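Q: Sending over run.txt (compact mmCIF, C-alpha atoms and all ligand atoms).
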# COMPACT_ATOMS: atom_id res chain seq x y z
CA MET M 1 -80.93 -66.93 -69.59
CA ALA M 2 -78.39 -65.26 -71.89
CA GLN M 3 -80.50 -62.26 -72.82
CA PRO M 4 -78.58 -59.05 -73.48
CA VAL M 5 -78.67 -56.79 -70.47
CA GLU M 6 -79.64 -53.19 -70.89
CA LYS M 7 -77.44 -50.93 -68.80
CA LEU M 8 -79.01 -48.84 -66.09
CA ASN M 9 -77.42 -45.42 -65.73
CA LYS M 10 -78.38 -44.44 -62.24
CA PRO M 11 -76.18 -41.98 -60.36
CA ARG M 12 -74.32 -43.28 -57.33
CA THR M 13 -75.94 -40.67 -55.16
CA GLU M 14 -79.32 -42.22 -55.90
CA TRP M 15 -78.05 -45.68 -54.98
CA ARG M 16 -76.60 -44.23 -51.79
CA ASP M 17 -80.05 -43.02 -50.83
CA ALA M 18 -81.76 -46.27 -51.87
CA LEU M 19 -79.49 -48.84 -50.21
CA PRO M 20 -78.45 -49.59 -46.63
CA SER M 21 -75.01 -48.08 -46.07
CA GLU M 22 -73.17 -51.42 -45.72
CA ARG M 23 -74.54 -52.64 -49.04
CA TYR M 24 -73.86 -49.30 -50.75
CA GLN M 25 -70.22 -49.28 -49.59
CA ILE M 26 -69.57 -52.64 -51.24
CA LEU M 27 -71.64 -52.20 -54.38
CA PHE M 28 -70.62 -48.67 -55.30
CA GLU M 29 -67.42 -47.96 -53.35
CA GLU M 30 -65.88 -51.42 -53.90
CA ALA M 31 -65.51 -52.16 -50.21
CA THR M 32 -65.06 -55.79 -49.12
CA GLU M 33 -67.04 -57.32 -46.29
CA ARG M 34 -65.30 -59.20 -43.49
CA PRO M 35 -64.86 -62.92 -44.27
CA HIS M 36 -67.33 -65.30 -42.59
CA SER M 37 -69.73 -62.40 -42.01
CA SER M 38 -72.37 -63.28 -44.61
CA PRO M 39 -75.35 -65.53 -43.83
CA LEU M 40 -75.21 -66.53 -47.50
CA ASN M 41 -72.02 -68.51 -46.82
CA GLY M 42 -74.13 -71.34 -45.43
CA GLU M 43 -76.88 -71.08 -48.05
CA LYS M 44 -77.11 -74.38 -49.93
CA ARG M 45 -80.63 -74.39 -51.31
CA ALA M 46 -81.55 -74.32 -54.97
CA GLY M 47 -82.42 -70.84 -56.13
CA THR M 48 -81.09 -67.66 -57.66
CA TYR M 49 -78.66 -65.04 -56.40
CA ILE M 50 -79.58 -61.57 -57.59
CA CYS M 51 -77.84 -58.19 -57.47
CA ALA M 52 -78.76 -56.51 -54.17
CA ALA M 53 -78.98 -53.15 -55.94
CA CYS M 54 -80.91 -53.68 -59.18
CA HIS M 55 -82.14 -57.30 -58.72
CA LEU M 56 -80.58 -58.70 -61.91
CA PRO M 57 -80.04 -62.48 -61.49
CA LEU M 58 -76.27 -63.13 -61.35
CA PHE M 59 -75.74 -66.72 -60.16
CA THR M 60 -77.66 -69.94 -59.67
CA GLY M 61 -77.56 -71.95 -56.49
CA GLU M 62 -76.11 -74.81 -58.54
CA ALA M 63 -72.98 -72.79 -59.29
CA LYS M 64 -72.23 -72.20 -55.60
CA PHE M 65 -69.55 -74.19 -53.80
CA GLU M 66 -67.87 -74.13 -50.42
CA SER M 67 -64.49 -72.50 -51.01
CA GLY M 68 -63.48 -72.22 -47.36
CA THR M 69 -62.59 -68.54 -47.88
CA GLY M 70 -65.43 -67.11 -45.83
CA TRP M 71 -67.13 -65.48 -48.83
CA PRO M 72 -69.94 -66.93 -50.96
CA SER M 73 -68.19 -68.52 -53.94
CA PHE M 74 -69.42 -69.60 -57.34
CA MET M 75 -68.04 -71.58 -60.28
CA GLY M 76 -69.41 -69.07 -62.76
CA PRO M 77 -72.09 -66.42 -63.30
CA LEU M 78 -75.11 -66.37 -65.57
CA PRO M 79 -73.90 -65.60 -69.10
CA GLU M 80 -73.81 -61.88 -69.96
CA HIS M 81 -74.96 -60.85 -66.49
CA VAL M 82 -71.61 -59.75 -65.11
CA GLY M 83 -68.83 -57.56 -66.47
CA THR M 84 -65.17 -57.65 -65.46
CA LYS M 85 -62.26 -55.26 -65.19
CA ARG M 86 -58.67 -55.43 -64.03
CA ASP M 87 -58.16 -54.08 -60.54
CA PHE M 88 -54.79 -52.90 -59.23
CA LYS M 89 -55.80 -52.13 -55.66
CA LEU M 90 -53.45 -54.81 -54.39
CA ILE M 91 -49.89 -55.12 -55.67
CA TRP M 92 -50.82 -57.87 -58.10
CA PRO M 93 -53.65 -57.41 -60.58
CA ARG M 94 -56.98 -59.00 -59.83
CA THR M 95 -60.07 -59.27 -61.95
CA GLU M 96 -62.95 -57.36 -60.49
CA TYR M 97 -66.49 -58.21 -61.56
CA HIS M 98 -69.76 -56.34 -61.31
CA CYS M 99 -73.42 -56.51 -62.21
CA ALA M 100 -73.76 -55.94 -65.97
CA ARG M 101 -76.92 -53.88 -65.47
CA CYS M 102 -76.22 -51.39 -62.66
CA GLY M 103 -72.43 -51.71 -62.48
CA GLY M 104 -72.59 -52.62 -58.78
CA HIS M 105 -69.34 -54.25 -57.57
CA GLN M 106 -69.76 -57.89 -56.59
CA GLY M 107 -66.33 -59.42 -56.03
CA HIS M 108 -63.23 -60.83 -57.70
CA VAL M 109 -62.65 -63.86 -59.89
CA PHE M 110 -59.71 -66.21 -59.37
CA SER M 111 -58.43 -69.19 -61.32
CA ASP M 112 -58.17 -71.68 -58.45
CA GLY M 113 -61.76 -72.92 -58.48
CA PRO M 114 -63.10 -76.45 -58.95
CA GLU M 115 -63.77 -78.22 -62.23
CA PRO M 116 -65.38 -77.84 -64.69
CA THR M 117 -64.72 -74.08 -64.88
CA GLY M 118 -61.60 -73.88 -62.71
CA GLN M 119 -62.87 -70.48 -61.64
CA ARG M 120 -63.70 -69.10 -58.22
CA TRP M 121 -66.05 -66.14 -58.25
CA CYS M 122 -65.56 -64.73 -54.77
CA ASN M 123 -68.58 -62.59 -53.93
CA ASN M 124 -69.55 -60.20 -51.18
CA GLY M 125 -72.69 -61.59 -49.57
CA LEU M 126 -74.03 -58.07 -49.00
CA ALA M 127 -73.96 -57.45 -52.76
CA LEU M 128 -76.41 -60.32 -53.32
CA LEU M 129 -79.90 -61.35 -52.33
CA PHE M 130 -80.95 -65.01 -52.42
CA VAL M 131 -84.30 -66.10 -53.83
CA PRO M 132 -85.11 -69.75 -53.07
CA GLU M 133 -86.44 -71.90 -55.89
CA GLY M 134 -90.22 -71.65 -56.11
CA GLU M 135 -90.34 -68.04 -54.96
CA PRO M 136 -90.86 -65.33 -57.59
CA LEU M 137 -87.91 -63.17 -58.48
CA PRO M 138 -88.49 -59.54 -57.50
CA ALA M 139 -88.92 -57.04 -60.32
CA LEU M 140 -85.78 -55.36 -61.62
CA ARG M 141 -85.20 -52.13 -59.77
CA ASP M 142 -84.63 -48.86 -61.64
ZN ZN Q 1 -77.20 -54.69 -60.40
With the file now loaded, output its structure as structure tokens.
A:
Amino acid sequence: MAQPVEKLNKPRTEWRDALPSERYQILFEEATERPHSSPLNGEKRAGTYICAACHLPLFTGEAKFESGTGWPSFMGPLPEHVGTKRDFKLIWPRTEYHCARCGGHQGHVFSDGPEPTGQRWCNNGLALLFVPEGEPLPALRD
């Protein structure tokens, strides 16, 4: 799965027109959804979580765990499919992460997750779509 990802340079204004407002606000304005608001919190099936903007696969169902935070949480992403940056929106620095292809904001990564990674990738449910195992992944969106 670790293929290099070619970046998609699509202007925000085009994403704003293409996405429902609540998804756009999170993906391209770095908003955060209310905890416990995502139906993906309870999703436990095998499958793939893809970027809600460009459809790049970001996480497997196997990597998901119940963190109790109210946001879908993962032990780690698919290699090369997310990028990170430091975020100083709160007083202490956090590590923001985003889709490596379209740059869409997904969530923040923390170091209090379970073994073996010890990481907690805390994701906005609205930034993801879930594709159950056995269903075809949708084509990447340009
Ligand atoms: Zn994307």
Q: Please identify all polymer residues within 7 Å of Ala63 of chain M, counting all atoms listed in the file, omitting same-chain residues fewer than 4 positions from it, and present them as a short mmCIF file (atom, residue, chain, number, x, y, z; two decimals) with C-alpha atoms, keeping the file's coordinate frame.
A:
data_model
loop_
_atom_site.label_atom_id
_atom_site.label_comp_id
_atom_site.auth_asym_id
_atom_site.auth_seq_id
_atom_site.Cartn_x
_atom_site.Cartn_y
_atom_site.Cartn_z
CA PHE M 59 -75.74 -66.72 -60.16
CA PHE M 74 -69.42 -69.60 -57.34
CA MET M 75 -68.04 -71.58 -60.28
CA GLY M 76 -69.41 -69.07 -62.76
#
Q: Write out as a tab-separated table the residues of chain M that have any atom within 12 Å of an atom of ligand ZN 1 (chain Q), one row each with the nearest atom pair and its distance in Å to one decimal, counting all atoms listed in the file, sorted by chain and then rising number.
A:
residue	atom	partner	partner_atom	distance
M:Val5	CA	Q:ZN1	ZN	10.4
M:Glu6	CA	Q:ZN1	ZN	10.9
M:Lys7	CA	Q:ZN1	ZN	9.2
M:Leu8	CA	Q:ZN1	ZN	8.4
M:Asn9	CA	Q:ZN1	ZN	10.7
M:Lys10	CA	Q:ZN1	ZN	10.5
M:Trp15	CA	Q:ZN1	ZN	10.5
M:Leu19	CA	Q:ZN1	ZN	12.0
M:Arg23	CA	Q:ZN1	ZN	11.8
M:Tyr24	CA	Q:ZN1	ZN	11.5
M:Leu27	CA	Q:ZN1	ZN	8.6
M:Phe28	CA	Q:ZN1	ZN	10.3
M:Tyr49	CA	Q:ZN1	ZN	11.2
M:Ile50	CA	Q:ZN1	ZN	7.8
M:Cys51	CA	Q:ZN1	ZN	4.6
M:Ala52	CA	Q:ZN1	ZN	6.7
M:Ala53	CA	Q:ZN1	ZN	5.0
M:Cys54	CA	Q:ZN1	ZN	4.0
M:His55	CA	Q:ZN1	ZN	5.8
M:Leu56	CA	Q:ZN1	ZN	5.5
M:Pro57	CA	Q:ZN1	ZN	8.4
M:Leu58	CA	Q:ZN1	ZN	8.5
M:His81	CA	Q:ZN1	ZN	8.9
M:Val82	CA	Q:ZN1	ZN	8.9
M:Gly83	CA	Q:ZN1	ZN	10.7
M:Tyr97	CA	Q:ZN1	ZN	11.3
M:His98	CA	Q:ZN1	ZN	7.7
M:Cys99	CA	Q:ZN1	ZN	4.6
M:Ala100	CA	Q:ZN1	ZN	6.7
M:Arg101	CA	Q:ZN1	ZN	5.1
M:Cys102	CA	Q:ZN1	ZN	4.1
M:Gly103	CA	Q:ZN1	ZN	6.0
M:Gly104	CA	Q:ZN1	ZN	5.3
M:His105	CA	Q:ZN1	ZN	8.4
M:Gln106	CA	Q:ZN1	ZN	9.0
M:Ala127	CA	Q:ZN1	ZN	8.7
M:Leu128	CA	Q:ZN1	ZN	9.1
M:Leu129	CA	Q:ZN1	ZN	10.8
M:Ala139	CA	Q:ZN1	ZN	12.0
M:Leu140	CA	Q:ZN1	ZN	8.7
M:Arg141	CA	Q:ZN1	ZN	8.4
M:Asp142	CA	Q:ZN1	ZN	9.5
Q: Atoms to include: C-alpha atoms. Write the selected residues as a compact mmCIF listing (two decimals), in the frame of the given file.
A:
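Saved result, again.txt, follows:
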# COMPACT_ATOMS: atom_id res chain seq x y z
CA VAL M 5 -78.67 -56.79 -70.47
CA GLU M 6 -79.64 -53.19 -70.89
CA LYS M 7 -77.44 -50.93 -68.80
CA LEU M 8 -79.01 -48.84 -66.09
CA ASN M 9 -77.42 -45.42 -65.73
CA LYS M 10 -78.38 -44.44 -62.24
CA TRP M 15 -78.05 -45.68 -54.98
CA LEU M 19 -79.49 -48.84 -50.21
CA ARG M 23 -74.54 -52.64 -49.04
CA TYR M 24 -73.86 -49.30 -50.75
CA LEU M 27 -71.64 -52.20 -54.38
CA PHE M 28 -70.62 -48.67 -55.30
CA TYR M 49 -78.66 -65.04 -56.40
CA ILE M 50 -79.58 -61.57 -57.59
CA CYS M 51 -77.84 -58.19 -57.47
CA ALA M 52 -78.76 -56.51 -54.17
CA ALA M 53 -78.98 -53.15 -55.94
CA CYS M 54 -80.91 -53.68 -59.18
CA HIS M 55 -82.14 -57.30 -58.72
CA LEU M 56 -80.58 -58.70 -61.91
CA PRO M 57 -80.04 -62.48 -61.49
CA LEU M 58 -76.27 -63.13 -61.35
CA HIS M 81 -74.96 -60.85 -66.49
CA VAL M 82 -71.61 -59.75 -65.11
CA GLY M 83 -68.83 -57.56 -66.47
CA TYR M 97 -66.49 -58.21 -61.56
CA HIS M 98 -69.76 -56.34 -61.31
CA CYS M 99 -73.42 -56.51 -62.21
CA ALA M 100 -73.76 -55.94 -65.97
CA ARG M 101 -76.92 -53.88 -65.47
CA CYS M 102 -76.22 -51.39 -62.66
CA GLY M 103 -72.43 -51.71 -62.48
CA GLY M 104 -72.59 -52.62 -58.78
CA HIS M 105 -69.34 -54.25 -57.57
CA GLN M 106 -69.76 -57.89 -56.59
CA ALA M 127 -73.96 -57.45 -52.76
CA LEU M 128 -76.41 -60.32 -53.32
CA LEU M 129 -79.90 -61.35 -52.33
CA ALA M 139 -88.92 -57.04 -60.32
CA LEU M 140 -85.78 -55.36 -61.62
CA ARG M 141 -85.20 -52.13 -59.77
CA ASP M 142 -84.63 -48.86 -61.64
Q: Would you list the contacts of Cys122 of chain M as a list in words, taking every protein, DNA or RNA residue within 7 Å and counting all atoms listed in the file, but skipping same-chain residues closer than 6 positions in sequence?
A: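 So, after excluding close chain neighbours, the residues are Trp71, Pro72, Ser73, Phe74, Gly107, His108 and Val109 of chain M.
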Q: Given the choices M:Glu29, M:Phe65, M:Ser38, M:Pro136, which gets closest to Arg12 of chain M if the distance is worked out from all atoms listed in the file?
A: M:Glu29
Q: Using only C-alpha atoms, can you tell me which of M:Gly68, M:Pro132, M:Gly113, M:Gly125 comes closest to Pro39 of chain M?
A: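 Among the listed residues, the smallest separation from Pro39 of chain M belongs to M:Gly125.
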